[in-house]
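Asker: For reference, this is structure-v1.cif, and it has mmCIF, C-alpha atoms.
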data_data
#
loop_
_atom_site.label_atom_id
_atom_site.label_comp_id
_atom_site.auth_asym_id
_atom_site.auth_seq_id
_atom_site.Cartn_x
_atom_site.Cartn_y
_atom_site.Cartn_z
CA MET A 168 12.26 -38.54 55.27
CA LYS A 169 11.66 -42.28 55.50
CA ILE A 170 10.95 -43.45 51.95
CA LEU A 171 9.66 -46.88 50.93
CA ILE A 172 10.68 -47.80 47.37
CA VAL A 173 8.98 -50.84 45.85
CA GLY A 174 11.09 -52.14 42.98
CA ALA A 175 14.20 -50.57 44.49
CA THR A 176 16.54 -53.07 42.86
CA GLY A 177 15.08 -52.63 39.37
CA THR A 178 16.42 -50.40 36.60
CA ILE A 179 14.69 -47.21 37.73
CA GLY A 180 14.54 -48.18 41.39
CA LYS A 181 18.33 -48.36 41.72
CA LEU A 182 18.78 -44.90 40.22
CA VAL A 183 16.02 -43.41 42.37
CA THR A 184 17.52 -45.00 45.47
CA ALA A 185 20.95 -43.60 44.59
CA ALA A 186 19.48 -40.13 44.06
CA LEU A 187 17.64 -40.09 47.40
CA ALA A 188 19.85 -42.13 49.76
CA GLU A 189 22.17 -39.26 50.70
CA ARG A 190 19.41 -37.15 52.23
CA HIS A 191 16.86 -39.77 53.30
CA GLU A 192 16.32 -43.13 54.96
CA ILE A 193 15.39 -45.58 52.19
CA VAL A 194 13.55 -48.85 52.76
CA LYS A 195 14.11 -51.02 49.70
CA ALA A 196 11.32 -53.45 48.81
CA GLY A 197 11.38 -56.00 46.02
CA SER A 198 9.75 -59.25 45.00
CA LYS A 199 12.91 -61.18 45.85
CA SER A 200 15.62 -58.70 46.81
CA GLY A 201 15.87 -55.56 48.93
CA ASP A 202 15.40 -55.02 52.68
CA VAL A 203 11.84 -56.38 52.65
CA GLN A 204 9.91 -58.55 50.21
CA VAL A 205 6.49 -57.90 48.74
CA ASP A 206 4.29 -59.39 46.03
CA ILE A 207 2.31 -56.37 44.84
CA LYS A 208 -0.25 -58.68 43.16
CA ASP A 209 -1.31 -59.77 46.64
CA ALA A 210 -3.08 -57.28 48.93
CA CYS A 211 -2.17 -59.42 51.98
CA SER A 212 1.49 -59.19 51.07
CA ILE A 213 1.20 -55.39 50.76
CA ARG A 214 -0.49 -55.25 54.16
CA GLU A 215 2.32 -57.31 55.69
CA LEU A 216 4.88 -55.01 54.06
CA PHE A 217 3.42 -51.91 55.71
CA GLU A 218 2.98 -53.69 59.05
CA ARG A 219 6.69 -54.48 58.94
CA VAL A 220 7.94 -51.13 57.64
CA GLY A 221 5.60 -48.96 59.73
CA LYS A 222 4.97 -45.28 59.14
CA VAL A 223 6.72 -43.66 56.19
CA ASP A 224 6.83 -40.21 54.62
CA ALA A 225 6.80 -41.38 51.04
CA VAL A 226 5.94 -44.47 49.03
CA MET A 227 7.36 -44.97 45.56
CA CYS A 228 6.46 -47.75 43.19
CA THR A 229 8.81 -48.54 40.32
CA ALA A 230 7.56 -52.11 39.89
CA GLY A 231 4.83 -53.73 37.84
CA LYS A 232 4.44 -56.29 35.08
CA VAL A 233 2.33 -56.11 31.94
CA HIS A 234 1.96 -58.51 29.05
CA PHE A 235 3.44 -57.59 25.67
CA GLY A 236 2.02 -59.35 22.63
CA ALA A 237 0.30 -59.00 19.27
CA PHE A 238 -3.18 -57.52 19.48
CA ALA A 239 -4.40 -60.17 17.00
CA GLU A 240 -3.96 -62.88 19.66
CA LEU A 241 -4.36 -60.76 22.78
CA SER A 242 -6.67 -62.39 25.34
CA GLU A 243 -8.64 -61.15 28.33
CA ALA A 244 -6.27 -63.15 30.57
CA GLU A 245 -3.19 -61.48 29.09
CA ILE A 246 -4.65 -58.02 29.68
CA GLY A 247 -5.49 -59.28 33.18
CA ILE A 248 -1.78 -59.75 33.94
CA GLY A 249 -1.19 -55.98 33.82
CA LEU A 250 -4.48 -55.20 35.59
CA LYS A 251 -3.51 -57.43 38.52
CA ASP A 252 0.18 -56.50 38.68
CA LYS A 253 1.20 -53.03 37.43
CA LEU A 254 -2.27 -51.45 37.85
CA MET A 255 -3.92 -52.93 40.95
CA GLY A 256 -0.53 -53.64 42.53
CA GLN A 257 0.21 -49.94 42.55
CA VAL A 258 -3.39 -48.94 43.35
CA ASN A 259 -3.36 -51.30 46.34
CA MET A 260 -0.07 -49.81 47.50
CA VAL A 261 -2.06 -46.56 47.78
CA LEU A 262 -5.34 -47.98 49.18
CA ILE A 263 -3.48 -49.91 51.87
CA GLY A 264 -0.50 -47.60 52.26
CA ARG A 265 -2.49 -44.40 52.84
CA ASP A 266 -2.95 -45.40 56.50
CA TYR A 267 0.81 -45.71 56.93
CA VAL A 268 1.87 -42.46 55.24
CA ASN A 269 2.52 -39.51 57.55
CA ASP A 270 0.69 -36.17 57.15
CA GLY A 271 2.00 -34.28 54.15
CA GLY A 272 3.61 -37.43 52.74
CA SER A 273 3.42 -38.66 49.16
CA PHE A 274 2.87 -41.51 46.75
CA THR A 275 4.72 -41.74 43.45
CA LEU A 276 3.55 -44.37 40.97
CA THR A 277 4.92 -45.43 37.58
CA SER A 278 2.99 -45.38 34.31
CA GLY A 279 4.73 -44.81 30.95
CA VAL A 280 4.71 -43.24 27.52
CA LEU A 281 2.52 -45.96 25.95
CA SER A 282 -0.63 -44.42 27.44
CA HIS A 283 -0.59 -41.90 24.59
CA ASP A 284 2.21 -43.01 22.23
CA PRO A 285 1.38 -46.66 21.51
CA ILE A 286 3.60 -49.32 19.94
CA ARG A 287 2.98 -52.69 18.29
CA PHE A 288 2.44 -55.38 20.99
CA GLY A 289 1.75 -52.69 23.61
CA VAL A 290 -2.06 -52.69 24.03
CA GLY A 291 -1.95 -54.23 27.52
CA ALA A 292 0.69 -51.73 28.67
CA SER A 293 -1.12 -48.74 27.17
CA LEU A 294 -4.38 -49.60 28.93
CA VAL A 295 -2.66 -49.97 32.30
CA ASN A 296 -0.61 -46.78 31.96
CA GLY A 297 -3.70 -44.73 31.05
CA ALA A 298 -5.52 -46.14 34.06
CA ILE A 299 -2.67 -45.25 36.43
CA ASP A 300 -2.42 -41.66 35.20
CA SER A 301 -6.17 -41.10 35.59
CA PHE A 302 -6.19 -42.81 39.00
CA VAL A 303 -3.50 -40.42 40.21
CA ARG A 304 -5.37 -37.34 38.95
CA ALA A 305 -8.53 -38.45 40.73
CA ALA A 306 -7.01 -39.81 43.96
CA ALA A 307 -5.05 -36.58 44.45
CA ILE A 308 -8.15 -34.45 44.99
CA GLU A 309 -9.56 -36.78 47.67
CA MET A 310 -6.29 -37.62 49.41
CA PRO A 311 -6.48 -36.93 53.19
CA ARG A 312 -4.01 -35.15 55.52
CA GLY A 313 -2.14 -33.26 52.80
CA ILE A 314 -0.84 -36.46 51.25
CA ARG A 315 0.18 -36.00 47.62
CA ILE A 316 0.18 -38.44 44.70
CA ASN A 317 1.81 -38.27 41.25
CA SER A 318 2.75 -40.67 38.50
CA ILE A 319 5.97 -40.72 36.53
CA SER A 320 5.47 -41.49 32.85
CA PRO A 321 8.87 -42.27 31.34
CA GLY A 322 9.67 -43.10 27.75
CA LEU A 323 11.92 -46.05 26.96
CA LEU A 324 14.98 -45.90 29.20
CA GLU A 325 18.47 -46.07 27.68
CA GLU A 326 19.19 -48.79 30.27
CA SER A 327 16.28 -50.85 28.86
CA LEU A 328 17.41 -50.66 25.24
CA PRO A 329 18.87 -54.21 25.23
CA SER A 330 15.57 -55.76 26.33
CA TYR A 331 12.88 -53.36 25.04
CA GLY A 332 14.68 -51.50 22.24
CA PRO A 333 13.30 -53.71 19.43
CA TYR A 334 9.73 -52.91 20.54
CA PHE A 335 10.41 -49.16 20.59
CA LEU A 336 12.25 -48.60 17.30
CA GLY A 337 12.35 -44.90 16.50
CA HIS A 338 11.56 -43.88 20.07
CA GLU A 339 14.03 -41.45 21.63
CA ALA A 340 15.50 -43.29 24.63
CA VAL A 341 15.69 -41.42 27.93
CA PRO A 342 18.69 -41.62 30.30
CA GLY A 343 17.56 -43.41 33.46
CA LYS A 344 19.04 -40.57 35.51
CA ARG A 345 16.47 -38.17 34.03
CA ALA A 346 13.67 -40.55 34.98
CA ALA A 347 15.09 -40.85 38.50
CA ASN A 348 15.07 -37.07 38.72
CA ALA A 349 11.31 -37.03 38.09
CA TYR A 350 10.79 -39.30 41.12
CA VAL A 351 12.94 -36.95 43.19
CA LYS A 352 10.81 -34.02 41.98
CA SER A 353 7.62 -35.83 42.97
CA VAL A 354 8.81 -36.72 46.47
CA GLU A 355 10.76 -33.56 47.33
CA GLY A 356 8.44 -31.05 45.65
CA LEU A 357 4.83 -30.13 46.28
CA LEU A 358 3.16 -31.24 43.05
CA THR A 359 0.07 -33.42 43.34
CA GLY A 360 -2.30 -35.08 40.85
CA GLN A 361 0.31 -34.70 38.13
CA VAL A 362 1.56 -37.03 35.45
CA ILE A 363 5.26 -36.17 35.20
CA HIS A 364 6.39 -37.01 31.69
CA VAL A 365 10.04 -37.95 31.13
CA LEU A 366 10.78 -37.79 27.41
CA MET B 19 -24.46 -50.57 7.57
CA LYS B 20 -25.48 -53.12 10.18
CA ILE B 21 -24.67 -51.57 13.55
CA LEU B 22 -24.72 -53.35 16.91
CA ILE B 23 -25.36 -50.95 19.80
CA VAL B 24 -24.80 -52.32 23.29
CA GLY B 25 -26.68 -50.19 25.80
CA ALA B 26 -29.12 -49.09 23.09
CA THR B 27 -31.93 -48.43 25.55
CA GLY B 28 -29.81 -46.29 27.89
CA THR B 29 -29.61 -42.50 27.96
CA ILE B 30 -26.97 -42.15 25.25
CA GLY B 31 -27.90 -45.37 23.45
CA LYS B 32 -31.42 -44.18 22.68
CA LEU B 33 -30.17 -40.93 21.17
CA VAL B 34 -27.47 -42.71 19.13
CA THR B 35 -30.03 -45.22 17.88
CA ALA B 36 -32.37 -42.39 16.87
CA ALA B 37 -29.56 -40.60 15.05
CA LEU B 38 -28.48 -43.69 13.06
CA ALA B 39 -31.71 -45.66 12.50
CA GLU B 40 -32.80 -43.73 9.40
CA ARG B 41 -29.77 -44.71 7.37
CA HIS B 42 -28.72 -48.00 8.97
CA GLU B 43 -29.90 -51.33 10.30
CA ILE B 44 -29.56 -51.17 14.10
CA VAL B 45 -29.32 -54.23 16.36
CA LYS B 46 -30.16 -53.08 19.88
CA ALA B 47 -28.48 -54.98 22.70
CA GLY B 48 -29.07 -54.46 26.39
CA SER B 49 -28.71 -56.26 29.70
CA LYS B 50 -32.48 -56.70 29.93
CA SER B 51 -34.08 -54.87 27.02
CA GLY B 52 -33.43 -54.45 23.29
CA ASP B 53 -33.47 -56.99 20.44
CA VAL B 54 -30.82 -59.19 22.07
CA GLN B 55 -29.53 -59.50 25.63
CA VAL B 56 -25.93 -59.45 26.79
CA ASP B 57 -24.06 -59.29 30.09
CA ILE B 58 -20.85 -57.50 29.11
CA LYS B 59 -19.19 -58.67 32.36
CA ASP B 60 -19.31 -62.21 30.96
CA ALA B 61 -17.13 -63.08 27.95
CA CYS B 62 -19.35 -66.12 27.21
CA SER B 63 -22.39 -63.88 27.02
CA ILE B 64 -20.55 -61.57 24.58
CA ARG B 65 -19.57 -64.58 22.46
CA GLU B 66 -23.20 -65.71 22.37
CA LEU B 67 -24.28 -62.21 21.40
CA PHE B 68 -22.02 -62.17 18.35
CA GLU B 69 -22.95 -65.74 17.41
CA ARG B 70 -26.57 -64.65 17.37
CA VAL B 71 -26.12 -61.27 15.66
CA GLY B 72 -23.51 -62.44 13.11
CA LYS B 73 -21.36 -60.15 11.01
CA VAL B 74 -21.73 -56.41 11.56
CA ASP B 75 -20.15 -53.25 10.17
CA ALA B 76 -19.94 -51.40 13.46
CA VAL B 77 -20.06 -52.12 17.18
CA MET B 78 -20.91 -49.37 19.64
CA CYS B 79 -20.80 -49.67 23.38
CA THR B 80 -22.70 -47.13 25.48
CA ALA B 81 -22.94 -49.39 28.53
CA GLY B 82 -20.77 -49.98 31.56
CA LYS B 83 -20.98 -49.68 35.33
CA VAL B 84 -18.45 -48.19 37.72
CA HIS B 85 -18.56 -47.67 41.49
CA PHE B 86 -18.90 -44.15 42.86
CA GLY B 87 -17.78 -43.61 46.43
CA ALA B 88 -15.49 -41.71 48.78
CA PHE B 89 -11.80 -42.41 48.23
CA ALA B 90 -11.33 -42.66 52.01
CA GLU B 91 -13.31 -45.95 52.05
CA LEU B 92 -12.64 -47.09 48.49
CA SER B 93 -11.70 -50.79 48.32
CA GLU B 94 -9.99 -52.98 45.75
CA ALA B 95 -13.33 -54.77 45.21
CA GLU B 96 -15.15 -51.51 44.47
CA ILE B 97 -12.54 -50.52 41.89
CA GLY B 98 -12.93 -54.06 40.54
CA ILE B 99 -16.59 -53.38 39.68
CA GLY B 100 -15.57 -50.87 37.00
CA LEU B 101 -12.63 -53.01 35.83
CA LYS B 102 -14.93 -55.98 35.24
CA ASP B 103 -17.88 -54.06 33.80
CA LYS B 104 -17.17 -50.76 32.01
CA LEU B 105 -13.51 -51.54 31.23
CA MET B 106 -13.18 -55.27 30.46
CA GLY B 107 -16.80 -55.42 29.28
CA GLN B 108 -15.96 -52.99 26.50
CA VAL B 109 -12.48 -54.44 25.90
CA ASN B 110 -14.00 -57.92 25.53
CA MET B 111 -16.57 -56.54 23.08
CA VAL B 112 -13.51 -55.66 20.95
CA LEU B 113 -11.40 -58.80 21.61
CA ILE B 114 -14.34 -61.08 20.80
CA GLY B 115 -16.15 -58.81 18.35
CA ARG B 116 -13.18 -58.17 16.04
CA ASP B 117 -13.82 -61.53 14.34
CA TYR B 118 -17.40 -60.49 13.59
CA VAL B 119 -16.72 -56.99 12.24
CA ASN B 120 -16.53 -56.65 8.47
CA ASP B 121 -13.46 -55.19 6.71
CA GLY B 122 -13.35 -51.44 7.17
CA GLY B 123 -15.80 -51.59 10.08
CA SER B 124 -15.48 -49.86 13.43
CA PHE B 125 -15.70 -50.02 17.19
CA THR B 126 -16.86 -47.06 19.27
CA LEU B 127 -16.43 -47.30 23.04
CA THR B 128 -17.46 -44.96 25.84
CA SER B 129 -15.13 -43.40 28.39
CA GLY B 130 -15.84 -40.00 29.99
CA VAL B 131 -14.56 -36.65 31.20
CA LEU B 132 -13.43 -38.00 34.60
CA SER B 133 -10.24 -39.43 33.07
CA HIS B 134 -8.74 -35.95 33.21
CA ASP B 135 -11.28 -33.78 35.10
CA PRO B 136 -11.88 -35.71 38.34
CA ILE B 137 -14.66 -35.25 40.88
CA ARG B 138 -15.16 -36.27 44.50
CA PHE B 139 -16.26 -39.95 44.66
CA GLY B 140 -15.03 -40.55 41.11
CA VAL B 141 -11.69 -42.38 41.51
CA GLY B 142 -13.04 -45.70 40.18
CA ALA B 143 -14.61 -44.01 37.15
CA SER B 144 -11.50 -41.94 36.39
CA LEU B 145 -9.25 -45.00 36.41
CA VAL B 146 -11.55 -46.91 34.03
CA ASN B 147 -12.03 -43.99 31.64
CA GLY B 148 -8.29 -43.42 31.38
CA ALA B 149 -7.76 -47.11 30.64
CA ILE B 150 -10.38 -47.10 27.88
CA ASP B 151 -8.93 -44.05 26.14
CA SER B 152 -5.42 -45.52 26.15
CA PHE B 153 -6.70 -48.93 25.05
CA VAL B 154 -8.37 -47.32 22.04
CA ARG B 155 -5.23 -45.40 21.05
CA ALA B 156 -3.15 -48.59 21.20
CA ALA B 157 -5.65 -51.05 19.68
CA ALA B 158 -6.21 -48.73 16.70
CA ILE B 159 -2.66 -49.13 15.39
CA GLU B 160 -2.81 -52.95 15.46
CA MET B 161 -6.40 -53.36 14.28
CA PRO B 162 -6.63 -55.70 11.25
CA ARG B 163 -8.54 -55.32 7.95
CA GLY B 164 -8.98 -51.54 8.11
CA ILE B 165 -11.15 -51.77 11.23
CA ARG B 166 -11.22 -48.52 13.19
CA ILE B 167 -11.68 -47.87 16.91
CA ASN B 168 -12.44 -44.67 18.85
CA SER B 169 -13.76 -43.73 22.25
CA ILE B 170 -16.32 -41.07 23.04
CA SER B 171 -15.51 -39.11 26.19
CA PRO B 172 -18.60 -37.12 27.16
CA GLY B 173 -19.00 -34.73 30.04
CA LEU B 174 -22.06 -34.97 32.28
CA LEU B 175 -25.17 -35.24 30.09
CA GLU B 176 -28.09 -32.85 30.60
CA GLU B 177 -30.29 -35.96 30.65
CA SER B 178 -28.26 -37.34 33.58
CA LEU B 179 -28.55 -34.20 35.73
CA PRO B 180 -31.29 -35.67 37.98
CA SER B 181 -29.14 -38.67 38.92
CA TYR B 182 -25.53 -37.46 38.58
CA GLY B 183 -25.87 -33.67 38.85
CA PRO B 184 -25.04 -33.52 42.58
CA TYR B 185 -21.70 -35.28 41.90
CA PHE B 186 -20.81 -32.88 39.09
CA LEU B 187 -21.63 -29.48 40.60
CA GLY B 188 -20.10 -26.73 38.51
CA HIS B 189 -19.62 -28.98 35.49
CA GLU B 190 -21.14 -27.70 32.26
CA ALA B 191 -23.75 -30.28 31.25
CA VAL B 192 -23.77 -31.46 27.63
CA PRO B 193 -26.97 -32.04 25.62
CA GLY B 194 -27.26 -35.78 24.94
CA LYS B 195 -27.79 -34.99 21.27
CA ARG B 196 -24.25 -33.58 21.04
CA ALA B 197 -22.87 -36.76 22.59
CA ALA B 198 -24.90 -38.86 20.13
CA ASN B 199 -23.40 -36.83 17.31
CA ALA B 200 -19.90 -37.89 18.39
CA TYR B 201 -20.89 -41.56 18.03
CA VAL B 202 -22.25 -40.80 14.56
CA LYS B 203 -18.95 -39.10 13.69
CA SER B 204 -16.99 -42.13 14.87
CA VAL B 205 -19.06 -44.65 12.90
CA GLU B 206 -19.67 -42.65 9.72
CA GLY B 207 -16.28 -40.95 9.51
CA LEU B 208 -12.78 -42.32 9.09
CA LEU B 209 -11.14 -41.35 12.38
CA THR B 210 -9.30 -44.05 14.30
CA GLY B 211 -7.40 -44.20 17.60
CA GLN B 212 -9.10 -41.00 18.71
CA VAL B 213 -10.68 -39.94 21.97
CA ILE B 214 -13.59 -37.78 20.85
CA HIS B 215 -14.33 -35.32 23.63
CA VAL B 216 -17.88 -33.99 24.03
CA LEU B 217 -17.80 -30.98 26.33
#
I'd like the structure from this file rewritten - as structure tokens, please.
Answerer:
Amino acid sequence: MKILIVGATGTIGKLVTAALAERHEIVKAGSKSGDVQVDIKDACSIRELFERVGKVDAVMCTAGKVHFGAFAELSEAEIGIGLKDKLMGQVNMVLIGRDYVNDGGSFTLTSGVLSHDPIRFGVGASLVNGAIDSFVRAAAIEMPRGIRINSISPGLLEESLPSYGPYFLGHEAVPGKRAANAYVKSVEGLLTGQVIHVL
Amino acid sequence: MKILIVGATGTIGKLVTAALAERHEIVKAGSKSGDVQVDIKDACSIRELFERVGKVDAVMCTAGKVHFGAFAELSEAEIGIGLKDKLMGQVNMVLIGRDYVNDGGSFTLTSGVLSHDPIRFGVGASLVNGAIDSFVRAAAIEMPRGIRINSISPGLLEESLPSYGPYFLGHEAVPGKRAANAYVKSVEGLLTGQVIHVL
């Protein structure tokens, strides 16, 4: 398969790439690094990405920013950061990318545990993750040409403990390799419309 | 209690108002009708609403538009309709309204069954409903001064069969009175961070 991975040089993206590269052709996309660059906040940039990469069998998104901050001061604009980036960035990868995915191909998006297991400072992330999971469930049943779509909902990764650990005290950290395995399951298996939890 | 109901003259809003009006002071808000007008798409309009209504014990939102349409032609702008209206309209009612809600008060938002039980043409609605439910779970744990927040997630209402029935074929319709009861439970009870399903 030819697999486009957006966020391929990130924490999860690297592990997913390593897990898939033996058997498949991987096109690595990133905001600054990788084989091709894309700004997922910008639909034009996503369109250019697909024009450049051409037809693929699978699209994976392991990228997306959200704002973390105290609910007491949380603003509409701060919630908007996640809506524009992690949510609509990934949704646009699907809306634009569906014309470039071969019959029977797949999309795999990234949400996260905060959709249903919230933390302090995490309102913006929770909202976005819940939206992604429900988008995937709904898009799956209308997806044309046997194309599948799933989301991976990982808990805090062990690899992210230095940066996010203090936000997730008491959360059981997940080895990144287990998260990467869920992406492999989504792309190599036949599941669709599923939220694959990695806890 | 003094209860502000946005969407008070809509299908659910009328039933909720009827169920609460005996015991409480109801301020009915609507886009065109009611005691006060508000455009929930516009944060300034929400701010004006609260300036006019003043302190309240509970805020309920039974309003919010989303776009229904085939996924094959679904655009970023069409998804944006629901993001701006049903999602951020309700989220802004909370972000702005929290300063006007008395200690121990509550917010009750409206999501819907499509978050997890999707239908054809419903991708935009599913995404928004999932976001609302996750927002509520997360906002609840950071809410100040004992303020509670829940969402009501109703299935198709019997009262909406003439307009939405053809989209929901095979779905068991719910009497509006049962949905109204869930709003009463949210405002009169002590639940918080819950998605109250009405099926």
Asker: Which residues would end up in the selection if the PyMOL selection byres ((chain A) within 6 of (chain B)) were applied here, given that I need the answer as a list in words?
Answerer: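 So the PyMOL selection byres ((chain A) within 6 of (chain B)), applied here, picks out Ser282, Pro285, Val290, Ser293, Leu294, Gly297, Ala298, Ser301, Phe302, Ala305 and Ala306 of chain A.
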Asker: Output the residue selection produced by the PyMOL selection byres ((chain B and resi 174) around 8) on the file above, formatted as a list in words.
Answerer: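 On this input, the PyMOL selection byres ((chain B and resi 174) around 8) captures Val131, Pro172, Gly173, Leu175, Glu176, Ser178, Leu179, Tyr182, Gly183, Phe186, His189, Glu190, Ala191 and Val192 of chain B.
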Asker: Counting all atoms listed in the file, note down every residue that has an atom within 9 Å of the point (5.2, -43.1, 49.6) (file coordinates), as an mmCIF file with C-alpha atoms, in the coordinates of the input.
Answerer:
data_model
loop_
_atom_site.group_PDB
_atom_site.id
_atom_site.type_symbol
_atom_site.label_atom_id
_atom_site.label_comp_id
_atom_site.auth_asym_id
_atom_site.auth_seq_id
_atom_site.Cartn_x
_atom_site.Cartn_y
_atom_site.Cartn_z
ATOM 1 C CA LYS A 169 11.660 -42.280 55.500
ATOM 2 C CA ILE A 170 10.950 -43.450 51.950
ATOM 3 C CA LEU A 171 9.660 -46.880 50.930
ATOM 4 C CA ILE A 172 10.680 -47.800 47.370
ATOM 5 C CA VAL A 223 6.720 -43.660 56.190
ATOM 6 C CA ASP A 224 6.830 -40.210 54.620
ATOM 7 C CA ALA A 225 6.800 -41.380 51.040
ATOM 8 C CA VAL A 226 5.940 -44.470 49.030
ATOM 9 C CA MET A 227 7.360 -44.970 45.560
ATOM 10 C CA CYS A 228 6.460 -47.750 43.190
ATOM 11 C CA MET A 260 -0.070 -49.810 47.500
ATOM 12 C CA VAL A 261 -2.060 -46.560 47.780
ATOM 13 C CA GLY A 264 -0.500 -47.600 52.260
ATOM 14 C CA ARG A 265 -2.490 -44.400 52.840
ATOM 15 C CA TYR A 267 0.810 -45.710 56.930
ATOM 16 C CA VAL A 268 1.870 -42.460 55.240
ATOM 17 C CA GLY A 272 3.610 -37.430 52.740
ATOM 18 C CA SER A 273 3.420 -38.660 49.160
ATOM 19 C CA PHE A 274 2.870 -41.510 46.750
ATOM 20 C CA THR A 275 4.720 -41.740 43.450
ATOM 21 C CA LEU A 276 3.550 -44.370 40.970
ATOM 22 C CA ARG A 315 0.180 -36.000 47.620
ATOM 23 C CA ILE A 316 0.180 -38.440 44.700
ATOM 24 C CA VAL A 354 8.810 -36.720 46.470
#
Asker: To one decimal in Å, tell me the separation between CA of Lys195 (chain B) and CA of Leu33 (chain B).
Answerer: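 Going from CA of Lys195 (chain B) over to CA of Leu33 (chain B), I get 6.4 Å.
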Asker: Please evaluate the PyMOL selection byres ((chain B and resi 36) around 12) against the displayed coordinates and give the resulting residues as a PyMOL selection string.
Answerer: chain B and resi 23+26-35+37-44+46+194-195+198-199+201-202
Asker: Have a look at CA of Lys208 (chain A) and CA of Thr277 (chain A) and let me know their distance in Å, one decimal.
Answerer: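 Interatomic distance here is 15.3 Å.
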Asker: Can you tell me which residues surround Glu215 (chain A) at a distance of at most 10 Å, considering all atoms listed in the file, apart from same-chain residues fewer than 6 positions away, and format the answer as a tab-separated table (two decimals) with C-alpha atoms, in the frame of the given file?
Answerer:
chain	number	residue	atom	x	y	z
A	204	GLN	CA	9.91	-58.55	50.21
A	205	VAL	CA	6.49	-57.90	48.74
A	221	GLY	CA	5.60	-48.96	59.73
Asker: In Å to one decimal, how far is CA of Lys203 (chain B) from CA of Asn120 (chain B)?
Answerer: 18.5 Å
Asker: Can you put N, CA and C atoms back into region 222-237 of chain A and show it as a short mmCIF file (atom, residue, chain, number, x, y, z; two decimals), keeping the file's coordinate frame?
Answerer:
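The new file selection_2.cif reads:
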data_model
loop_
_atom_site.label_atom_id
_atom_site.label_comp_id
_atom_site.auth_asym_id
_atom_site.auth_seq_id
_atom_site.Cartn_x
_atom_site.Cartn_y
_atom_site.Cartn_z
N LYS A 222 5.28 -46.59 59.74
CA LYS A 222 4.97 -45.28 59.14
C LYS A 222 6.11 -44.82 58.23
N VAL A 223 5.73 -44.21 57.13
CA VAL A 223 6.72 -43.66 56.19
C VAL A 223 6.24 -42.27 55.74
N ASP A 224 7.18 -41.54 55.15
CA ASP A 224 6.83 -40.21 54.62
C ASP A 224 6.52 -40.26 53.13
N ALA A 225 7.05 -41.26 52.48
CA ALA A 225 6.80 -41.38 51.04
C ALA A 225 6.83 -42.83 50.61
N VAL A 226 5.97 -43.15 49.65
CA VAL A 226 5.94 -44.47 49.03
C VAL A 226 6.15 -44.28 47.54
N MET A 227 7.10 -45.02 47.00
CA MET A 227 7.36 -44.97 45.56
C MET A 227 7.22 -46.36 45.00
N CYS A 228 6.61 -46.46 43.83
CA CYS A 228 6.46 -47.75 43.19
C CYS A 228 7.10 -47.70 41.81
N THR A 229 8.15 -48.47 41.63
CA THR A 229 8.81 -48.54 40.32
C THR A 229 8.75 -49.98 39.82
N ALA A 230 7.72 -50.69 40.25
CA ALA A 230 7.56 -52.11 39.89
C ALA A 230 6.23 -52.32 39.20
N GLY A 231 6.11 -53.38 38.44
CA GLY A 231 4.83 -53.73 37.84
C GLY A 231 4.98 -54.37 36.49
N LYS A 232 4.36 -55.54 36.35
CA LYS A 232 4.44 -56.29 35.08
C LYS A 232 3.21 -56.06 34.22
N VAL A 233 3.44 -56.07 32.91
CA VAL A 233 2.33 -56.11 31.94
C VAL A 233 2.71 -57.14 30.88
N HIS A 234 1.71 -57.58 30.13
CA HIS A 234 1.96 -58.51 29.05
C HIS A 234 2.18 -57.76 27.74
N PHE A 235 3.23 -58.12 27.01
CA PHE A 235 3.44 -57.59 25.67
C PHE A 235 3.13 -58.69 24.66
N GLY A 236 2.35 -58.35 23.65
CA GLY A 236 2.02 -59.35 22.63
C GLY A 236 1.12 -58.79 21.56
N ALA A 237 1.09 -59.47 20.44
CA ALA A 237 0.30 -59.00 19.27
C ALA A 237 -1.17 -58.86 19.63
#
